[in-house]
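Printed here is protein34.cif (mmCIF, C-alpha atoms):
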```
data_my_file
#
loop_
_atom_site.label_atom_id
_atom_site.label_comp_id
_atom_site.auth_asym_id
_atom_site.auth_seq_id
_atom_site.Cartn_x
_atom_site.Cartn_y
_atom_site.Cartn_z
CA MET A 297 -1.84 -12.24 -24.93
CA ALA A 298 -4.55 -10.32 -23.15
CA THR A 299 -6.25 -7.15 -24.27
CA THR A 300 -6.78 -4.25 -21.91
CA THR A 301 -10.38 -5.30 -21.28
CA ASN A 302 -9.12 -8.69 -20.00
CA ILE A 303 -6.79 -7.20 -17.39
CA THR A 304 -8.15 -8.25 -14.01
CA GLN A 305 -6.86 -8.51 -10.47
CA GLY A 306 -4.63 -11.56 -10.03
CA LEU A 307 -3.58 -11.78 -13.70
CA ALA A 308 0.16 -12.41 -14.16
CA VAL A 309 1.73 -10.44 -17.01
CA LYS A 310 5.09 -9.72 -18.59
CA TYR A 311 5.58 -5.94 -18.62
CA LYS A 312 8.86 -4.22 -19.55
CA ASN A 313 10.54 -7.66 -19.67
CA GLN A 314 9.71 -8.45 -16.04
CA ASP A 315 7.08 -10.61 -14.33
CA TRP A 316 4.25 -8.71 -12.64
CA ILE A 317 0.92 -9.53 -11.04
CA VAL A 318 -2.05 -7.18 -11.32
CA SER A 319 -3.01 -6.12 -7.79
CA PHE A 320 -5.75 -3.68 -8.89
CA ALA A 321 -7.52 -3.13 -12.21
CA GLN A 322 -10.27 -0.72 -13.19
CA PHE A 323 -11.76 -0.46 -16.69
CA VAL A 324 -12.71 3.14 -17.47
CA ASN A 325 -14.98 4.14 -20.34
CA PRO A 326 -15.22 7.95 -20.27
CA GLY A 327 -17.97 9.84 -22.06
CA LYS A 328 -15.41 11.36 -24.41
CA GLY A 329 -12.29 9.66 -25.64
CA ALA A 330 -11.14 6.09 -25.77
CA ALA A 331 -11.62 3.55 -23.01
CA PHE A 332 -8.64 2.48 -20.92
CA THR A 333 -7.69 0.25 -18.00
CA ARG A 334 -6.00 1.70 -14.94
CA ALA A 335 -3.89 -0.93 -13.15
CA LYS A 336 -1.49 -1.38 -10.26
CA LEU A 337 1.19 -3.95 -10.96
CA LYS A 338 3.39 -5.68 -8.37
CA ASN A 339 6.80 -6.93 -9.48
CA LEU A 340 7.09 -10.59 -8.52
CA LYS A 341 10.87 -10.43 -8.00
CA THR A 342 11.33 -7.09 -6.22
CA GLY A 343 7.91 -6.37 -4.72
CA GLN A 344 7.88 -2.91 -6.36
CA VAL A 345 4.40 -1.56 -7.13
CA VAL A 346 3.77 0.67 -10.15
CA GLU A 347 0.63 2.23 -11.58
CA ASN A 348 0.03 2.12 -15.30
CA THR A 349 -2.72 3.03 -17.73
CA PHE A 350 -3.31 0.69 -20.66
CA ARG A 351 -5.14 2.20 -23.63
CA SER A 352 -8.01 0.34 -25.24
CA GLY A 353 -6.80 -2.06 -27.91
CA GLU A 354 -3.33 -2.57 -26.42
CA SER A 355 -2.30 -6.12 -25.71
CA ILE A 356 -0.10 -7.41 -22.93
CA GLU A 357 1.66 -10.75 -22.63
CA THR A 358 0.31 -13.05 -19.94
CA ILE A 359 2.47 -15.57 -18.11
CA ASP A 360 1.57 -18.92 -16.63
CA VAL A 361 1.44 -18.85 -12.87
CA VAL A 362 0.71 -21.88 -10.72
CA ARG A 363 -1.21 -21.08 -7.54
CA ASN A 364 -0.81 -23.54 -4.67
CA LYS A 365 -2.27 -23.33 -1.21
CA CYS A 366 0.37 -22.62 1.37
CA GLN A 367 0.67 -21.83 5.05
CA TYR A 368 2.67 -19.06 6.74
CA LEU A 369 5.06 -20.51 9.31
CA TYR A 370 7.33 -17.79 10.75
CA ASN A 371 9.70 -14.96 9.87
CA ASP A 372 13.17 -13.85 10.82
CA SER A 373 14.85 -10.48 10.34
CA SER A 374 14.78 -10.59 6.54
CA ASP A 375 12.63 -13.50 5.28
CA PHE A 376 9.16 -14.97 5.67
CA TYR A 377 8.82 -18.76 5.63
CA PHE A 378 5.92 -20.72 4.14
CA MET A 379 5.02 -24.36 3.56
CA ASP A 380 3.38 -25.57 0.36
CA ASN A 381 0.27 -27.54 1.39
CA GLU A 382 0.58 -29.97 -1.54
CA THR A 383 4.29 -30.85 -1.43
CA PHE A 384 5.00 -29.89 2.21
CA GLU A 385 8.17 -28.14 1.02
CA GLN A 386 9.18 -25.00 2.86
CA PHE A 387 10.26 -21.85 1.04
CA ALA A 388 11.31 -18.35 2.00
CA LEU A 389 10.36 -15.01 0.48
CA SER A 390 12.07 -11.73 1.29
CA ALA A 391 10.29 -8.97 3.20
CA ASP A 392 10.47 -6.78 0.08
CA ILE A 393 8.42 -9.29 -1.90
CA ILE A 394 5.87 -9.78 0.89
CA GLY A 395 5.48 -5.99 1.24
CA ASP A 396 2.40 -4.73 3.10
CA GLN A 397 0.90 -8.23 3.18
CA LYS A 398 3.10 -8.86 6.24
CA ASP A 399 0.64 -6.78 8.25
CA PHE A 400 -1.94 -9.57 7.93
CA LEU A 401 0.23 -12.65 8.49
CA LEU A 402 -0.43 -14.65 11.63
CA ASP A 403 1.07 -18.06 12.37
CA ASN A 404 -0.59 -20.74 10.21
CA THR A 405 -2.31 -18.19 7.93
CA GLU A 406 -3.61 -19.95 4.81
CA CYS A 407 -2.76 -18.18 1.54
CA TYR A 408 -1.67 -18.96 -2.02
CA SER A 409 1.90 -19.23 -3.28
CA LEU A 410 2.52 -18.06 -6.83
CA TYR A 411 4.99 -20.17 -8.80
CA ILE A 412 6.62 -19.26 -12.11
CA ASP A 413 8.70 -22.02 -13.72
CA GLY A 414 8.60 -24.01 -10.48
CA THR A 415 9.98 -21.18 -8.32
CA PRO A 416 7.86 -19.50 -5.62
CA MET A 417 7.73 -15.79 -6.51
CA SER A 418 5.09 -14.28 -4.23
CA ILE A 419 2.04 -14.98 -2.09
CA GLN A 420 -1.58 -13.94 -2.35
CA LEU A 421 -3.69 -13.49 0.77
CA PRO A 422 -7.42 -14.20 0.84
CA PRO A 423 -9.29 -10.98 0.01
CA LYS A 424 -11.05 -11.03 3.41
CA MET A 425 -9.66 -12.32 6.69
CA THR A 426 -10.89 -12.40 10.30
CA PHE A 427 -8.88 -10.77 13.10
CA THR A 428 -9.32 -9.92 16.79
CA VAL A 429 -9.19 -6.29 17.90
CA ILE A 430 -6.37 -6.00 20.45
CA SER A 431 -6.51 -2.29 21.19
CA THR A 432 -8.87 0.55 20.34
CA PRO A 433 -10.03 3.63 22.20
CA PRO A 434 -13.62 3.56 23.45
CA GLY A 435 -16.18 5.09 21.12
CA VAL A 436 -17.90 8.04 22.76
CA LYS A 437 -21.54 8.61 21.90
CA GLY A 438 -21.87 11.67 19.70
CA ASP A 439 -18.20 11.52 18.67
CA THR A 440 -18.84 11.56 14.92
CA ALA A 441 -17.00 14.73 13.97
CA THR A 442 -14.20 12.55 12.58
CA GLY A 443 -16.54 10.56 10.33
CA GLY A 444 -17.60 7.92 12.81
CA SER A 445 -14.43 5.83 12.76
CA LYS A 446 -11.42 5.22 14.98
CA GLU A 447 -8.15 3.35 14.74
CA ALA A 448 -7.83 -0.20 16.02
CA ILE A 449 -4.85 -2.51 16.34
CA ILE A 450 -5.63 -6.08 15.31
CA ASP A 451 -3.86 -9.24 16.49
CA SER A 452 -1.49 -9.24 13.49
CA GLY A 453 -0.21 -5.83 14.59
CA ALA A 454 -1.78 -3.85 11.74
CA THR A 455 -3.71 -0.64 12.41
CA ILE A 456 -6.99 -0.15 10.55
CA LYS A 457 -9.97 2.20 10.74
CA VAL A 458 -13.08 0.70 12.34
CA PRO A 459 -16.53 2.05 13.26
CA LEU A 460 -17.01 3.58 16.71
CA PHE A 461 -19.06 0.62 18.03
CA ILE A 462 -16.15 -1.86 17.74
CA LYS A 463 -14.66 -2.83 21.12
CA GLU A 464 -11.48 -4.59 22.20
CA GLY A 465 -11.69 -8.38 21.95
CA GLU A 466 -14.25 -8.39 19.13
CA ARG A 467 -13.59 -10.33 15.93
CA ILE A 468 -13.81 -8.35 12.71
CA ILE A 469 -13.49 -9.10 9.01
CA VAL A 470 -10.87 -7.00 7.18
CA ASN A 471 -10.38 -6.50 3.44
CA THR A 472 -6.67 -7.32 2.99
CA GLU A 473 -6.45 -5.57 -0.38
CA ASP A 474 -7.36 -2.06 0.77
CA ARG A 475 -6.93 -2.51 4.56
CA SER A 476 -10.56 -1.60 5.26
CA TYR A 477 -13.08 -2.83 7.83
CA VAL A 478 -15.76 -5.05 6.27
CA SER A 479 -17.97 -6.21 9.15
CA LYS A 480 -18.12 -7.85 12.55
CA ASP A 481 -17.48 -11.58 12.55
CA ASN A 482 -20.62 -13.08 14.06
CA SER A 483 -19.53 -16.71 13.75
#
```

Now, as a test, write the supplied structure out as structure tokens.
Amino acid sequence: MATTTNITQGLAVKYKNQDWIVSFAQFVNPGKGAAFTRAKLKNLKTGQVVENTFRSGESIETIDVVRNKCQYLYNDSSDFYFMDNETFEQFALSADIIGDQKDFLLDNTECYSLYIDGTPMSIQLPPKMTFTVISTPPGVKGDTATGGSKEAIIDSGATIKVPLFIKEGERIIVNTEDRSYVSKDNS
């Protein structure tokens, strides 16, 4: 059992008799009133995401999840295929379970598979990944009325907001959790 103060991103919990993983957690201690934890939970079987607020002092049942390194191989019309790096076994997860993470999957992407009772239930991408900008409009000097950012399409096909100085062909680091630009990749 975990208390609300122990709820952190990546924790696997049993909530309403289903298995969930915490995709976002924020502990809030307001000036008045009791503290609470605001969390986004992702259902490991259906991919559904719900938001919930846990009051201070509540407890929630944790579940044992085994995290193994895996590699994305390919996808077809309904499933995404991965290979466990330890056992070399291949497994498939439905597009519903993968959800928005599909926007950051390139061939041979390294990630983690989440197993419950020996069954792969979901994947977890690294929090930051490097991509190449495929298409973006040129940034015009003085064009900051829109906040100094523009849209760019990266090599995985996802569209993210980047600063005006980013050009096509440049490598950038993207936060996969909130789909935000982090920095240029200077390596």

**Request:** Convert the output of the PyMOL selection byres ((chain A and resi 480) around 8) on the shown file into explicit residues, formatted as a PyMOL selection string.
**Result:** chain A and resi 466-469+478-479+481-482

I need the residues from that last selection saved to file as a PDB file, keeping the file's coordinate frame (with C-alpha atoms), if you can.
```
ATOM      1  CA  GLU A 466     -14.250  -8.390  19.130  1.00  0.00           C
ATOM      2  CA  ARG A 467     -13.590 -10.330  15.930  1.00  0.00           C
ATOM      3  CA  ILE A 468     -13.810  -8.350  12.710  1.00  0.00           C
ATOM      4  CA  ILE A 469     -13.490  -9.100   9.010  1.00  0.00           C
ATOM      5  CA  VAL A 478     -15.760  -5.050   6.270  1.00  0.00           C
ATOM      6  CA  SER A 479     -17.970  -6.210   9.150  1.00  0.00           C
ATOM      7  CA  ASP A 481     -17.480 -11.580  12.550  1.00  0.00           C
ATOM      8  CA  ASN A 482     -20.620 -13.080  14.060  1.00  0.00           C
TER       9      ASN A 482
END
```

**Request:** Would you translate the PyMOL selection byres ((chain A and resi 397-411) around 7) into the concrete set of residues it matches in this file, as a count of residues only?
**Result:** 27

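A straight line drawn from CA of Ser355 (chain A) to CA of Thr472 (chain A) is 29.1 Å long.
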
**Complete:** The distance between CA of Leu307 (chain A) and CA of Gly343 (chain A) is 15.6 Å

**Request:** Select, from A:Ser373, A:Ser319, A:Ser431, A:Asn381, the residue with the minimum atom-to-atom distance to Asn339 (chain A), counting only C-alpha atoms.
**Result:**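 The closest residue to Asn339 (chain A) is A:Ser319.
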